[in-house]
Amino acid sequence: MEAVLLGLVLMLSIFLGFELISKVPATLHTPLMSGANAISGITIVGALVSAGAGASGVATILGGFAVVFATINVVGGYLVTNRMLSMFKKKDDTSAGGQS
Amino acid sequence: MSVELINVWYIVAAALFVLGLKQLGSPATAVRGNLLSSIGMLIAVVVTLFSQQIMEFQWIVVAAAIGAIIGAVTAQKVVMTSMPEMVALFNGSGGVASLLVGWAALYKVGNTSFTDVTILLSILIGGVTFSGSVVAWGKLAEVMTSRAIVFGAQRLVNALVLVALVACGVLFCLEPAVDSPYLYAVIGLSLVFGVMAVIPIGGADMPVVISLLNSYSGLAACAAGFAINNNILIVAGSLVGAAGIILTNIMCKAMNRSLANVLFSGFGAVKTATKVEGEVKPITADDAFLILEAASSVTFVPGYGMAVAQAQHVVRELGELLEGNGAEVTYAIHPVAGRMPGHMNVLLAEANVPYDQLVEMDDINPRIDNIDVAVVIGANDVVNPAAREDENSPIYGMPIINVDSARTVFVLKRSMASGFSGVDNPLFFGENTRMLFGDAKESISGVIAEFKG
């Protein structure tokens with residue numbers, strides 16, 4: 001039953017994803033991708049959970065490395081997306097905005 | 001914290017991801033959207049840390065600190081032209097994280113066979129994403145040849161790897177164990193398969209590959225979510241998966257190719273375009289200035305060559321001068337103008353071009369007849385009329401920006417060599433085309449000097 005519920009979650013989020021992302025304008029596709037990199041860093045949660053207390057030493061090591069990689073995605077992804085998005089300025093306020 | 005409460009917080013985090021993506025729908029709200037999304041991530045991480053069964057604390061701190069430092073430094077240092085490389089590497093690190101999470105989940109006792117299958121998928125997709133992304137990075141960063149690498153029995157080898165991968169996967173699922181030899185075989189073969197899948201794809205098709213790998217990194221996270229029964233991974237992973245698939249589709253359409261054609265075209269025969277011959281009409285910066293000064297509408301059509309020449313700042317300066325002169329200035333961006341989706345927009349935004357002046361191909365084409373001057377800078381294939389007219393052209397059928405319909409076309413070009421795909425471009429011989437030879441940055445600076453002088 002649990003597998004079915006997870007499957008339902010999967011299906012709904014895929015449809016939701018298609019609806020949301022098809023509305024992102026072409027101008028923002030690069031930040032969308034780096035933002036997606038950040039979101040896929042959600043595996044950090046999996047890394048923390050799966051190498052949980054009581055797990056064997058190997059699992060802890062695997063989990064530790066997973067945390068490193070996932071954190072790169074989360075931190076790097078959000079920071080670089082923010083850096084890019086801050087560059088997008090409307091006409092008239094371009095004079096105020098400098099380069100990053 | 002109880003499992004129920006943790007899951008409630010995961011719902012909050014998922015809602016923030018969704019809202020964040022929704023606000024990415026407009027450049028005006030996008031910064032806030034990214035912030036919302038990152039708050040969602042923070043909530044998910046903190047709540048997980050509060051749960052009872054997390055790994056030992058000192059490990060987390062060390063691991064997270066290493067990751068955070070690498071991530072933060074890369075995010076600050078990366079130059080905008082190298083964005084595709086960075087995204088490729090991030091795709092890879094997402095993939096390897098999922099591989100490791102799946103692997104670690106094997107050590108949990110009492111997994112159902114459904115869980116074992118999802119663990120396998122998480123390892124497999126993660127592995128393919130990782131090695132494929134590393135190869136994609138290598139091609140983009142030109143640490144290896146960016147050409148398609150093909151050899152005789154490639155299809156056979158790939159088929160064998162795939163069959164072996166599936167076979168080992170099935171054998172592993174029949175008797176899952178942490179020390180199963182099939183586990184190591186699956187890890188090894190998925191890494192090999194990722195490499196084999198990306199090497200036959202040529203440099204010009206990299207935007208498709210990065211988008212696809214972006215999608216895979218999401219799917220890998222999704223599979224990892226199934227492996228450890230975690231909703232938030234499934235939701236976030238499928239959002240990323242959907243994003244990657246949509247972008248892959250847009251890129252394929254923009255090149256008039258099917259995904260299968262992009263992935264396997266390295267194997268196919270190459271068509272040769274009909275050779276076009278004619279006489280080009282070169283002009284000098286002085287002449288270009290006179291025409292531009294009289295123009296009431298100018299559109300710039302940038303390609304990656306503009307970024308290579310670092311000409312975007314002078315282009316923006318010229319654009320401002322033209323506006324001051326009363327002309328309407330736009331920047332027409334082809335979907336595959338850069339080296340990844342939306343790349344050119346970021347490069348222009350970095351040069352302070354306002355985003356309301358960036359127009360898409362489908363918006364500019366219907367009104368391009370009324371444009372006085374179209375200035376093509378470092379673009380070739382995306383403005384090549386052969387894509388419309390020459391059935392023998394390798395890019396035949398690809399939608400292009402119809403600059404040849406504009407009243408006058410300036411093509412800024414270093415010399416008369418052909419473009420990335422080696423296609424001859426009839427645009428250069430067009431009646432209304434004027435060639436401005438030389439370094440794009442110097443040429444534009446020359447025109448700017450005329451304006452100021």
# chains A, B, ... in the order shown; residues from 1 in each chain; ligands from 1
>>> interface_residues(of="chain B", to="chain A", cutoff="6 Å", atoms="only C-alpha atoms", output="VMD selection string")
chain B and resid 22 25 31 45 53 to 55 63 to 64 67 to 68 71 to 72 75 90 93 97 100 to 101 104 to 105 218 221 235 237 to 240 242 to 243 341 to 343 345 349 to 350 354 to 355
>>> select_by_dssp(residues="segment 92-317 of chain B", states="alpha helix (DSSP H)", output="count of residues only")
154
>>> atom_distance(atom1="atom CA of Asn256 of chain B", atom2="atom CA of Leu427 of chain B")
19.7 Å
>>> atom_distance(atom1="atom CA of Ala327 of chain B", atom2="atom CA of Phe300 of chain B")
12.4 Å
>>> closest_residue(among="B:Phe429, B:Leu436, B:Leu318, B:Ser38", to="Ser415 of chain B", atoms="only C-alpha atoms")
B:Leu436
>>> residues_around(residues="Met206 of chain B", least_positions_apart="3", cutoff="8 Å", atoms="only C-alpha atoms", output="PyMOL selection string")
chain B and resi 136+140+201-203+209-210+339-340
>>> atom_distance(atom1="atom CA of Ile228 of chain B", atom2="atom CA of Phe114 of chain B")
11.0 Å
